[in-house]
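Presented below is the structure to which this report refers.
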Amino acid sequence: MKYRKLVENAKKPNGFWGKMMIKAMNKGHSSLTSWGLEHMNIERTATVLDIGCGGGKTVDRLCSIVANGKVYGIDYSELSVKSSEKLNSKNILCNKAKILQASVSDMPFDDNTFDNITAVETYYFWPDKENDVKEVFRVLKKGGTVMLLFEMLRTDDDPFKWEKVENMLNIKSVTPQEIRAVLESAGFQNINTYTKEGTTWLCATAQKPKDDEN
Ligand SMILES: C[S@@+](CC[C@H](N)C(=O)[O-])C[C@H]1O[C@@H](n2cnc3c(N)ncnc32)[C@H](O)[C@@H]1O
């Protein structure tokens, strides 16, 4: 019962169990996020967006990478926004970070705004994946990169590994092929997918074409 309540709050954290889930995610996604960020080149001056920022730990980490840049976090959960703001209060105070309540489907940013975009363990919940990834493409600068990071990789060896969580949350685990296809159809290039031995982690990185490559 407790496990179910906790897991259900991964989708849109709310109330007591949402707070518990946010705490668990900030801790539980730490190694995954470190590994994912190894596959991204983020400049010190970059403007970065973290989509589905949850408890805000990734925003905080990105703030320490972009010494002279700025980090935005968005999440459609009010509790996630408040938790991210609390964890990043110093970053916000010095104008290094800004957290907004918004959905990935309709982001309150101009075209070509971000150098880098990260999305950690959130893609599964996006309501219209093809169009949502196109929205990510829209707000990314030409030549900018996105990283989609997952811990629910589905493999032929163990295709039902995630069945319980999938049914509980009405979501689907992912394969590198599916993620590659959705990124390609949004217009991304230089798509790379990485898995880590001994884990079920998947990291996909991709670049928005530069002007002269269109
Ligand atoms: C499993 S949590 C991951 C949080 C954080 N990225 C981390 O790694 O700890 C998923 C987060 O994505 C957010 N989310 C889900 N669907 C979203 C959407 N359509 N737009 C914005 N945020 C969304 C949820 O509210 C939740 O905070």
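A note on labels: chains of the structure tokens are A, B, ... as shown, every chain counts residues from 1, and ligands are counted from 1 in their shown order.
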With only C-alpha atoms and all ligand atoms counted, collect every polymer residue having an atom within 9 Å of ligand 1; state the result as a CSV table (one decimal) with all heavy atoms, in the first residue's frame.
```
chain,number,residue,atom,x,y,z
A,7,VAL,N,5.0,5.2,-5.3
A,7,VAL,CA,5.2,5.0,-6.8
A,7,VAL,C,4.3,5.9,-7.6
A,7,VAL,O,4.7,6.6,-8.5
A,7,VAL,CB,5.2,3.6,-7.2
A,7,VAL,CG1,5.2,3.5,-8.7
A,7,VAL,CG2,6.3,2.8,-6.6
A,9,ASN,N,3.2,8.6,-6.9
A,9,ASN,CA,3.6,10.0,-6.9
A,9,ASN,C,4.8,10.4,-7.7
A,9,ASN,O,5.2,11.5,-7.7
A,9,ASN,CB,3.7,10.5,-5.4
A,9,ASN,CG,2.4,11.0,-4.8
A,9,ASN,OD1,2.0,12.1,-5.1
A,9,ASN,ND2,1.7,10.1,-4.2
A,10,ALA,N,5.3,9.4,-8.4
A,10,ALA,CA,6.4,9.7,-9.4
A,10,ALA,C,5.8,10.6,-10.6
A,10,ALA,O,6.6,11.3,-11.2
A,10,ALA,CB,7.0,8.4,-9.9
A,11,LYS,N,4.6,10.4,-10.9
A,11,LYS,CA,4.0,11.0,-12.1
A,11,LYS,C,3.7,12.5,-11.9
A,11,LYS,O,4.0,13.2,-12.8
A,11,LYS,CB,2.6,10.3,-12.3
A,11,LYS,CG,2.0,10.5,-13.7
A,11,LYS,CD,0.9,9.6,-13.9
A,11,LYS,CE,0.6,9.4,-15.4
A,11,LYS,NZ,-0.1,8.2,-15.7
A,12,LYS,N,3.2,12.8,-10.8
A,12,LYS,CA,2.9,14.2,-10.5
A,12,LYS,C,2.9,14.4,-8.9
A,12,LYS,O,1.8,14.3,-8.3
A,12,LYS,CB,1.6,14.7,-11.1
A,12,LYS,CG,1.3,16.2,-11.1
A,12,LYS,CD,0.1,16.5,-11.9
A,12,LYS,CE,0.1,18.1,-12.0
A,12,LYS,NZ,-1.1,18.5,-12.8
A,13,PRO,N,4.0,14.6,-8.3
A,13,PRO,CA,4.1,14.6,-6.9
A,13,PRO,C,3.1,15.5,-6.2
A,13,PRO,O,3.0,16.7,-6.7
A,13,PRO,CB,5.6,15.0,-6.6
A,13,PRO,CG,6.3,14.6,-7.8
A,13,PRO,CD,5.4,14.8,-8.9
A,14,ASN,N,2.4,15.0,-5.2
A,14,ASN,CA,1.4,15.9,-4.5
A,14,ASN,C,1.3,15.3,-3.1
A,14,ASN,O,1.4,14.1,-2.8
A,14,ASN,CB,0.1,15.7,-5.3
A,14,ASN,CG,-1.0,16.6,-4.7
A,14,ASN,OD1,-0.7,17.7,-4.2
A,14,ASN,ND2,-2.2,16.2,-4.7
A,18,GLY,N,3.8,12.6,-2.1
A,18,GLY,CA,4.6,13.3,-3.1
A,18,GLY,C,5.9,13.8,-2.5
A,18,GLY,O,7.0,13.7,-3.1
A,21,MET,N,8.2,11.0,-2.1
A,21,MET,CA,8.7,10.6,-3.4
A,21,MET,C,9.8,11.5,-3.8
A,21,MET,O,10.9,11.1,-4.4
A,21,MET,CB,7.6,10.5,-4.4
A,21,MET,CG,8.0,9.8,-5.7
A,21,MET,SD,8.6,8.2,-5.4
A,21,MET,CE,9.1,7.6,-6.9
A,22,ILE,N,9.6,12.8,-3.6
A,22,ILE,CA,10.6,13.8,-4.1
A,22,ILE,C,11.9,13.6,-3.3
A,22,ILE,O,13.0,13.6,-3.9
A,22,ILE,CB,10.0,15.2,-3.8
A,22,ILE,CG1,9.1,15.6,-5.0
A,22,ILE,CG2,11.1,16.3,-3.7
A,22,ILE,CD1,8.4,16.8,-4.9
A,23,LYS,N,11.8,13.3,-2.0
A,23,LYS,CA,13.0,13.0,-1.2
A,23,LYS,C,13.7,11.8,-1.8
A,23,LYS,O,15.0,11.8,-2.0
A,23,LYS,CB,12.6,12.7,0.2
A,23,LYS,CG,13.4,13.4,1.3
A,23,LYS,CD,12.8,13.1,2.6
A,23,LYS,CE,13.8,13.5,3.7
A,23,LYS,NZ,13.3,13.2,5.0
A,24,ALA,N,12.9,10.8,-2.1
A,24,ALA,CA,13.5,9.5,-2.6
A,24,ALA,C,14.2,9.7,-3.9
A,24,ALA,O,15.2,9.2,-4.2
A,24,ALA,CB,12.4,8.4,-2.7
A,25,MET,N,13.5,10.5,-4.8
A,25,MET,CA,14.1,10.7,-6.2
A,25,MET,C,15.4,11.6,-6.1
A,25,MET,O,16.3,11.3,-6.9
A,25,MET,CB,13.0,11.4,-7.0
A,25,MET,CG,11.8,10.6,-7.4
A,25,MET,SD,10.7,11.3,-8.6
A,25,MET,CE,10.2,12.8,-7.8
A,26,ASN,N,15.4,12.6,-5.3
A,26,ASN,CA,16.6,13.4,-5.2
A,26,ASN,C,17.8,12.5,-4.8
A,26,ASN,O,18.9,12.7,-5.4
A,26,ASN,CB,16.4,14.5,-4.1
A,26,ASN,CG,15.8,15.8,-4.7
A,26,ASN,OD1,15.8,15.9,-5.9
A,26,ASN,ND2,15.4,16.7,-3.9
A,27,LYS,N,17.6,11.6,-4.0
A,27,LYS,CA,18.7,10.7,-3.6
A,27,LYS,C,18.8,9.6,-4.6
A,27,LYS,O,20.0,9.3,-5.1
A,27,LYS,CB,18.3,10.1,-2.2
A,27,LYS,CG,19.5,9.5,-1.4
A,27,LYS,CD,19.1,9.3,0.0
A,27,LYS,CE,20.3,8.6,0.6
A,27,LYS,NZ,19.9,7.5,1.5
A,28,GLY,N,17.7,8.9,-5.0
A,28,GLY,CA,17.8,7.7,-5.8
A,28,GLY,C,18.3,8.0,-7.2
A,28,GLY,O,18.8,7.1,-7.9
A,29,HIS,N,18.1,9.2,-7.8
A,29,HIS,CA,18.5,9.5,-9.1
A,29,HIS,C,19.9,10.1,-9.2
A,29,HIS,O,20.3,10.5,-10.3
A,29,HIS,CB,17.5,10.4,-9.8
A,29,HIS,CG,16.1,9.7,-10.0
A,29,HIS,ND1,15.0,10.4,-10.3
A,29,HIS,CD2,15.8,8.4,-9.9
A,29,HIS,CE1,13.9,9.6,-10.3
A,29,HIS,NE2,14.4,8.4,-10.1
A,30,SER,N,20.6,10.2,-8.1
A,30,SER,CA,21.8,10.9,-8.1
A,30,SER,C,22.9,10.2,-9.0
A,30,SER,O,23.5,10.9,-9.8
A,30,SER,CB,22.3,11.0,-6.6
A,30,SER,OG,23.5,11.7,-6.6
A,32,LEU,N,22.5,8.0,-11.3
A,32,LEU,CA,22.0,7.9,-12.7
A,32,LEU,C,22.3,9.3,-13.4
A,32,LEU,O,22.8,9.3,-14.5
A,32,LEU,CB,20.5,7.7,-12.7
A,32,LEU,CG,19.7,7.8,-14.0
A,32,LEU,CD1,20.1,6.7,-14.9
A,32,LEU,CD2,18.2,7.9,-13.8
A,33,THR,N,22.0,10.3,-12.7
A,33,THR,CA,22.2,11.7,-13.2
A,33,THR,C,23.7,12.0,-13.4
A,33,THR,O,24.1,12.5,-14.5
A,33,THR,CB,21.6,12.8,-12.3
A,33,THR,OG1,20.2,12.4,-12.1
A,33,THR,CG2,21.6,14.1,-13.0
A,50,ASP,N,16.1,22.1,-17.2
A,50,ASP,CA,15.9,20.7,-16.8
A,50,ASP,C,14.3,20.5,-16.7
A,50,ASP,O,13.6,21.2,-16.0
A,50,ASP,CB,16.5,20.5,-15.4
A,50,ASP,CG,16.3,19.1,-14.9
A,50,ASP,OD1,16.5,18.1,-15.7
A,50,ASP,OD2,15.8,18.8,-13.7
A,51,ILE,N,13.9,19.6,-17.6
A,51,ILE,CA,12.4,19.4,-17.7
A,51,ILE,C,12.0,18.3,-16.7
A,51,ILE,O,12.6,17.3,-16.6
A,51,ILE,CB,12.0,19.0,-19.1
A,51,ILE,CG1,12.4,20.1,-20.1
A,51,ILE,CG2,10.6,18.7,-19.2
A,51,ILE,CD1,12.3,19.7,-21.6
A,52,GLY,N,10.9,18.5,-16.0
A,52,GLY,CA,10.4,17.6,-15.0
A,52,GLY,C,11.4,17.6,-13.8
A,52,GLY,O,11.8,16.5,-13.4
A,53,CYS,N,11.7,18.7,-13.3
A,53,CYS,CA,12.8,18.9,-12.4
A,53,CYS,C,12.6,18.3,-11.0
A,53,CYS,O,13.5,18.1,-10.2
A,53,CYS,CB,13.2,20.4,-12.3
A,53,CYS,SG,11.8,21.4,-11.7
A,54,GLY,N,11.3,17.9,-10.7
A,54,GLY,CA,11.1,17.1,-9.4
A,54,GLY,C,11.5,17.9,-8.2
A,54,GLY,O,11.1,19.1,-8.0
A,55,GLY,N,12.4,17.3,-7.4
A,55,GLY,CA,12.9,18.0,-6.2
A,55,GLY,C,14.0,19.0,-6.4
A,55,GLY,O,14.5,19.6,-5.5
A,56,GLY,N,14.5,19.1,-7.7
A,56,GLY,CA,15.4,20.2,-8.0
A,56,GLY,C,16.9,19.9,-7.8
A,56,GLY,O,17.7,20.7,-8.0
A,57,LYS,N,17.2,18.6,-7.6
A,57,LYS,CA,18.6,18.2,-7.4
A,57,LYS,C,19.4,18.4,-8.7
A,57,LYS,O,20.6,18.9,-8.6
A,57,LYS,CB,18.7,16.7,-6.9
A,57,LYS,CG,20.0,16.3,-6.4
A,57,LYS,CD,20.2,16.7,-4.9
A,57,LYS,CE,21.6,16.3,-4.5
A,57,LYS,NZ,22.4,17.4,-4.1
A,58,THR,N,18.8,18.1,-9.8
A,58,THR,CA,19.5,18.2,-11.1
A,58,THR,C,19.8,19.7,-11.4
A,58,THR,O,20.8,20.1,-11.9
A,58,THR,CB,18.8,17.5,-12.2
A,58,THR,OG1,18.6,16.1,-11.9
A,58,THR,CG2,19.6,17.6,-13.5
A,74,ILE,N,11.6,23.3,-15.1
A,74,ILE,CA,10.1,23.3,-15.1
A,74,ILE,C,9.6,22.0,-14.7
A,74,ILE,O,10.2,20.9,-14.8
A,74,ILE,CB,9.6,23.6,-16.6
A,74,ILE,CG1,9.9,22.5,-17.5
A,74,ILE,CG2,10.0,24.9,-17.1
A,74,ILE,CD1,8.8,22.3,-18.6
A,75,ASP,N,8.4,22.1,-14.1
A,75,ASP,CA,7.6,20.9,-13.7
A,75,ASP,C,6.2,21.3,-13.6
A,75,ASP,O,5.8,22.4,-13.3
A,75,ASP,CB,8.1,20.4,-12.3
A,75,ASP,CG,7.8,18.9,-12.1
A,75,ASP,OD1,6.6,18.6,-12.1
A,75,ASP,OD2,8.7,18.1,-12.0
A,76,TYR,N,5.3,20.3,-14.0
A,76,TYR,CA,3.9,20.7,-14.0
A,76,TYR,C,3.2,20.4,-12.6
A,76,TYR,O,2.1,20.7,-12.4
A,76,TYR,CB,3.1,20.0,-15.1
A,76,TYR,CG,2.9,18.5,-15.0
A,76,TYR,CD1,2.0,17.9,-15.9
A,76,TYR,CD2,3.5,17.7,-14.1
A,76,TYR,CE1,1.7,16.5,-15.8
A,76,TYR,CE2,3.3,16.3,-14.1
A,76,TYR,CZ,2.4,15.7,-14.9
A,76,TYR,OH,2.2,14.4,-14.9
A,77,SER,N,4.0,19.9,-11.7
A,77,SER,CA,3.5,19.6,-10.3
A,77,SER,C,3.9,20.8,-9.4
A,77,SER,O,5.1,21.2,-9.4
A,77,SER,CB,4.2,18.4,-9.7
A,77,SER,OG,4.3,18.5,-8.3
A,78,GLU,N,2.9,21.4,-8.7
A,78,GLU,CA,3.1,22.5,-7.9
A,78,GLU,C,4.1,22.1,-6.7
A,78,GLU,O,5.0,22.9,-6.4
A,78,GLU,CB,1.8,22.9,-7.3
A,78,GLU,CG,1.8,24.3,-6.6
A,78,GLU,CD,0.5,24.6,-5.9
A,78,GLU,OE1,-0.6,24.1,-6.3
A,78,GLU,OE2,0.5,25.5,-5.0
A,79,LEU,N,3.9,20.9,-6.2
A,79,LEU,CA,4.8,20.5,-5.1
A,79,LEU,C,6.3,20.3,-5.6
A,79,LEU,O,7.2,20.7,-4.9
A,79,LEU,CB,4.3,19.1,-4.6
A,79,LEU,CG,5.2,18.5,-3.5
A,79,LEU,CD1,5.2,19.5,-2.2
A,79,LEU,CD2,4.7,17.1,-3.1
A,80,SER,N,6.4,19.8,-6.9
A,80,SER,CA,7.8,19.7,-7.4
A,80,SER,C,8.4,21.1,-7.5
A,80,SER,O,9.6,21.3,-7.2
A,80,SER,CB,7.8,19.0,-8.8
A,80,SER,OG,7.5,17.7,-8.6
A,81,VAL,N,7.6,22.1,-8.0
A,81,VAL,CA,8.2,23.4,-8.2
A,81,VAL,C,8.6,24.0,-6.8
A,81,VAL,O,9.7,24.5,-6.7
A,81,VAL,CB,7.1,24.3,-8.9
A,81,VAL,CG1,7.5,25.8,-8.8
A,81,VAL,CG2,6.9,23.9,-10.3
A,101,GLN,N,6.4,26.6,-13.1
A,101,GLN,CA,5.4,25.6,-13.2
A,101,GLN,C,4.8,25.5,-14.6
A,101,GLN,O,4.2,26.5,-15.1
A,101,GLN,CB,4.2,25.8,-12.2
A,101,GLN,CG,3.3,24.6,-12.2
A,101,GLN,CD,2.2,24.7,-11.1
A,101,GLN,OE1,2.1,25.7,-10.4
A,101,GLN,NE2,1.4,23.6,-11.0
A,102,ALA,N,5.1,24.5,-15.4
A,102,ALA,CA,4.7,24.4,-16.8
A,102,ALA,C,4.8,22.9,-17.2
A,102,ALA,O,5.5,22.1,-16.6
A,102,ALA,CB,5.6,25.3,-17.6
A,103,SER,N,4.1,22.7,-18.3
A,103,SER,CA,4.1,21.3,-18.9
A,103,SER,C,5.1,21.3,-20.0
A,103,SER,O,5.3,22.3,-20.7
A,103,SER,CB,2.7,20.9,-19.4
A,103,SER,OG,2.9,19.8,-20.3
A,104,VAL,N,5.7,20.2,-20.3
A,104,VAL,CA,6.6,20.0,-21.4
A,104,VAL,C,5.9,20.3,-22.7
A,104,VAL,O,6.5,20.7,-23.7
A,104,VAL,CB,7.3,18.6,-21.4
A,104,VAL,CG1,6.3,17.5,-21.6
A,104,VAL,CG2,8.4,18.5,-22.4
A,105,SER,N,4.6,20.1,-22.7
A,105,SER,CA,3.8,20.2,-24.0
A,105,SER,C,3.7,21.6,-24.5
A,105,SER,O,3.4,21.8,-25.6
A,105,SER,CB,2.4,19.6,-23.8
A,105,SER,OG,2.5,18.3,-23.2
A,106,ASP,N,3.9,22.6,-23.6
A,106,ASP,CA,3.7,24.0,-24.0
A,106,ASP,C,4.6,24.8,-23.1
A,106,ASP,O,4.1,25.4,-22.1
A,106,ASP,CB,2.2,24.3,-23.8
A,106,ASP,CG,1.9,25.7,-24.2
A,106,ASP,OD1,2.7,26.3,-25.0
A,106,ASP,OD2,0.8,26.2,-23.8
A,107,MET,N,5.8,24.9,-23.4
A,107,MET,CA,6.8,25.6,-22.5
A,107,MET,C,6.8,27.1,-22.7
A,107,MET,O,6.8,27.5,-23.9
A,107,MET,CB,8.2,24.9,-22.7
A,107,MET,CG,8.2,23.5,-22.2
A,107,MET,SD,9.8,22.8,-22.1
A,107,MET,CE,10.1,22.2,-23.8
A,118,THR,N,18.1,18.9,-20.2
A,118,THR,CA,18.1,17.6,-19.6
A,118,THR,C,16.7,17.2,-19.2
A,118,THR,O,15.9,18.1,-18.9
A,118,THR,CB,19.0,17.6,-18.3
A,118,THR,OG1,18.5,18.6,-17.4
A,118,THR,CG2,20.5,17.9,-18.7
A,119,ALA,N,16.4,15.9,-19.2
A,119,ALA,CA,15.1,15.4,-18.7
A,119,ALA,C,15.4,14.0,-18.1
A,119,ALA,O,15.7,13.1,-18.8
A,119,ALA,CB,14.2,15.3,-19.9
A,120,VAL,N,15.4,14.0,-16.8
A,120,VAL,CA,15.7,12.8,-16.0
A,120,VAL,C,14.5,12.1,-15.5
A,120,VAL,O,13.7,12.6,-14.7
A,120,VAL,CB,16.6,13.2,-14.8
A,120,VAL,CG1,17.1,11.9,-14.1
A,120,VAL,CG2,17.9,14.0,-15.3
A,121,GLU,N,14.3,10.9,-16.0
A,121,GLU,CA,13.2,10.0,-15.5
A,121,GLU,C,11.8,10.7,-15.5
A,121,GLU,O,11.0,10.6,-14.6
A,121,GLU,CB,13.5,9.6,-14.0
A,121,GLU,CG,14.4,8.4,-13.9
A,121,GLU,CD,13.8,7.1,-14.3
A,121,GLU,OE1,13.1,6.5,-13.5
A,121,GLU,OE2,14.0,6.8,-15.5
A,122,THR,N,11.6,11.4,-16.7
A,122,THR,CA,10.3,12.1,-16.8
A,122,THR,C,9.6,11.8,-18.1
A,122,THR,O,8.3,11.9,-18.2
A,122,THR,CB,10.5,13.6,-16.6
A,122,THR,OG1,9.2,14.3,-16.7
A,122,THR,CG2,11.4,14.2,-17.6
A,123,TYR,N,10.3,11.4,-19.1
A,123,TYR,CA,9.8,11.2,-20.5
A,123,TYR,C,8.6,10.3,-20.5
A,123,TYR,O,7.6,10.5,-21.2
A,123,TYR,CB,10.9,10.7,-21.4
A,123,TYR,CG,10.4,10.2,-22.7
A,123,TYR,CD1,10.4,11.1,-23.8
A,123,TYR,CD2,10.1,8.9,-23.0
A,123,TYR,CE1,10.1,10.7,-25.1
A,123,TYR,CE2,9.7,8.5,-24.2
A,123,TYR,CZ,9.7,9.4,-25.3
A,123,TYR,OH,9.3,8.9,-26.5
A,124,TYR,N,8.6,9.2,-19.6
A,124,TYR,CA,7.5,8.2,-19.6
A,124,TYR,C,6.2,8.9,-19.4
A,124,TYR,O,5.2,8.3,-19.8
A,124,TYR,CB,7.7,7.2,-18.4
A,124,TYR,CG,9.1,6.8,-18.1
A,124,TYR,CD1,9.7,7.3,-17.0
A,124,TYR,CD2,9.7,5.8,-18.9
A,124,TYR,CE1,11.0,6.8,-16.6
A,124,TYR,CE2,11.0,5.3,-18.5
A,124,TYR,CZ,11.6,5.9,-17.4
A,124,TYR,OH,12.8,5.4,-17.0
A,125,PHE,N,6.2,10.0,-18.7
A,125,PHE,CA,4.9,10.6,-18.3
A,125,PHE,C,4.4,11.6,-19.3
A,125,PHE,O,3.3,12.1,-19.1
A,125,PHE,CB,5.0,11.3,-16.9
A,125,PHE,CG,5.6,10.4,-15.8
A,125,PHE,CD1,6.9,10.6,-15.3
A,125,PHE,CD2,4.9,9.3,-15.4
A,125,PHE,CE1,7.4,9.8,-14.4
A,125,PHE,CE2,5.4,8.5,-14.4
A,125,PHE,CZ,6.7,8.7,-13.9
A,126,TRP,N,5.2,12.0,-20.3
A,126,TRP,CA,4.8,13.0,-21.2
A,126,TRP,C,3.6,12.5,-22.0
A,126,TRP,O,3.6,11.4,-22.5
A,126,TRP,CB,6.0,13.4,-22.1
A,126,TRP,CG,7.1,14.0,-21.3
A,126,TRP,CD1,7.2,14.2,-20.0
A,126,TRP,CD2,8.4,14.4,-21.9
A,126,TRP,NE1,8.4,14.8,-19.7
A,126,TRP,CE2,9.2,14.9,-20.8
A,126,TRP,CE3,8.9,14.4,-23.2
A,126,TRP,CZ2,10.5,15.4,-21.0
A,126,TRP,CZ3,10.2,14.9,-23.4
A,126,TRP,CH2,11.0,15.4,-22.3
A,127,PRO,N,2.6,13.4,-22.1
A,127,PRO,CA,1.3,12.9,-22.7
A,127,PRO,C,1.3,12.7,-24.2
A,127,PRO,O,0.5,11.9,-24.6
A,127,PRO,CB,0.3,14.1,-22.3
A,127,PRO,CG,1.2,15.3,-22.1
A,127,PRO,CD,2.5,14.8,-21.6
A,128,ASP,N,2.1,13.4,-24.9
A,128,ASP,CA,2.1,13.3,-26.4
A,128,ASP,C,3.6,13.3,-26.8
A,128,ASP,O,4.1,14.3,-27.3
A,128,ASP,CB,1.3,14.5,-26.9
A,128,ASP,CG,1.2,14.5,-28.4
A,128,ASP,OD1,1.7,13.5,-29.0
A,128,ASP,OD2,0.6,15.5,-29.0
A,132,ASP,N,5.8,16.5,-27.8
A,132,ASP,CA,6.5,17.0,-26.7
A,132,ASP,C,8.0,17.1,-27.0
A,132,ASP,O,8.7,18.1,-26.6
A,132,ASP,CB,6.3,16.2,-25.4
A,132,ASP,CG,4.8,16.2,-25.0
A,132,ASP,OD1,4.1,17.2,-25.4
A,132,ASP,OD2,4.4,15.3,-24.2
A,149,LEU,N,17.1,10.9,-20.0
A,149,LEU,CA,17.8,9.9,-19.2
A,149,LEU,C,16.7,9.0,-18.5
A,149,LEU,O,15.7,9.5,-18.0
A,149,LEU,CB,18.6,10.6,-18.1
A,149,LEU,CG,19.6,9.9,-17.3
A,149,LEU,CD1,20.6,9.1,-18.1
A,149,LEU,CD2,20.4,10.9,-16.4
```
Check your understanding: Tell me, which residues of segment 63-107 of chain A carry DSSP strand (DSSP E or B), written as number ranges by chain?
Key -> A: 70-75, 97-101
Applying 6 Å and only C-alpha atoms, which residues near Lys208 of chain A remain after dropping the ones on its own chain fewer than 6 positions away? List them as a PDB file with N, CA and C atoms, in the first residue's frame.
```pdb
ATOM      1  N   LYS A 142      19.941  26.301 -32.002  1.00  0.00           N
ATOM      2  CA  LYS A 142      20.567  25.540 -33.080  1.00  0.00           C
ATOM      3  C   LYS A 142      21.966  25.124 -32.614  1.00  0.00           C
ATOM      4  N   GLY A 143      22.289  23.861 -32.785  1.00  0.00           N
ATOM      5  CA  GLY A 143      23.579  23.343 -32.304  1.00  0.00           C
ATOM      6  C   GLY A 143      23.530  22.892 -30.853  1.00  0.00           C
ATOM      7  N   GLY A 144      22.424  23.166 -30.170  1.00  0.00           N
ATOM      8  CA  GLY A 144      22.285  22.780 -28.760  1.00  0.00           C
ATOM      9  C   GLY A 144      21.988  21.294 -28.608  1.00  0.00           C
ATOM     10  N   PHE A 188      16.075  15.998 -34.717  1.00  0.00           N
ATOM     11  CA  PHE A 188      17.406  15.946 -34.094  1.00  0.00           C
ATOM     12  C   PHE A 188      18.397  15.147 -34.955  1.00  0.00           C
TER      13      PHE A 188
END
```
Check your understanding: Hey, what's within 12 Å of Ser185 of chain A if we count only C-alpha atoms and toss same-chain stuff fewer than 4 positions away? As a PyMOL selection string, please?
Key -> chain A and resi 129-134+137+178-181+189+191+206+208
C-alpha atoms of the current selection, written as a PDB file, in the first residue's frame:
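What ended up in result_8.pdb:
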```
ATOM      1  CA  LYS A 129       5.703  12.156 -26.757  1.00  0.00           C
ATOM      2  CA  GLU A 130       6.186  12.974 -30.461  1.00  0.00           C
ATOM      3  CA  ASN A 131       4.923  16.533 -30.074  1.00  0.00           C
ATOM      4  CA  ASP A 132       6.532  17.014 -26.666  1.00  0.00           C
ATOM      5  CA  VAL A 133       9.957  16.142 -28.107  1.00  0.00           C
ATOM      6  CA  LYS A 134       9.232  18.620 -30.940  1.00  0.00           C
ATOM      7  CA  PHE A 137      13.485  20.846 -30.191  1.00  0.00           C
ATOM      8  CA  GLU A 178      12.080   3.967 -29.715  1.00  0.00           C
ATOM      9  CA  ILE A 179      13.877   6.961 -28.265  1.00  0.00           C
ATOM     10  CA  ARG A 180      16.108   7.297 -31.313  1.00  0.00           C
ATOM     11  CA  ALA A 181      13.040   7.234 -33.591  1.00  0.00           C
ATOM     12  CA  GLN A 189      20.740  14.714 -35.454  1.00  0.00           C
ATOM     13  CA  ILE A 191      21.750  10.924 -31.835  1.00  0.00           C
ATOM     14  CA  ALA A 206      20.971  14.463 -29.567  1.00  0.00           C
ATOM     15  CA  LYS A 208      19.519  20.327 -32.978  1.00  0.00           C
TER      16      LYS A 208
END
```
Exercise for review: Excluding segment 152-162 of chain A and residues on its chain fewer than 5 positions from it, collect all residues at most 10 Å away from it, counting only C-alpha atoms, and give them as a PyMOL selection string.
Suggested key: chain A and resi 121+124+167+171-176+195+199-203
Point to revise | DSSP-assigned alpha helix (DSSP H) among segment 34-209 of chain A, expressed as an NGL selection string | key: :A and (34-37 or 57-65 or 78-87 or 89-93 or 129-139 or 163-169 or 176-186)
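Across the structure, atom CA of Val48 of chain A and atom CA of Glu135 of chain A are spaced 15.1 Å apart.
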**Study point:** Nearest candidate to Lys210 of chain A (options A:Asn68, A:Asn190, A:Ser31, A:Asn170; using only C-alpha atoms)
**Key:**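 Result for the nearest residue to Lys210 of chain A: A:Asn190.
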Practice item. Between A:Ala97, A:Leu148, A:Val66, A:Met40, single out the one closest to Glu85 of chain A, counting only C-alpha atoms. Key: A:Ala97
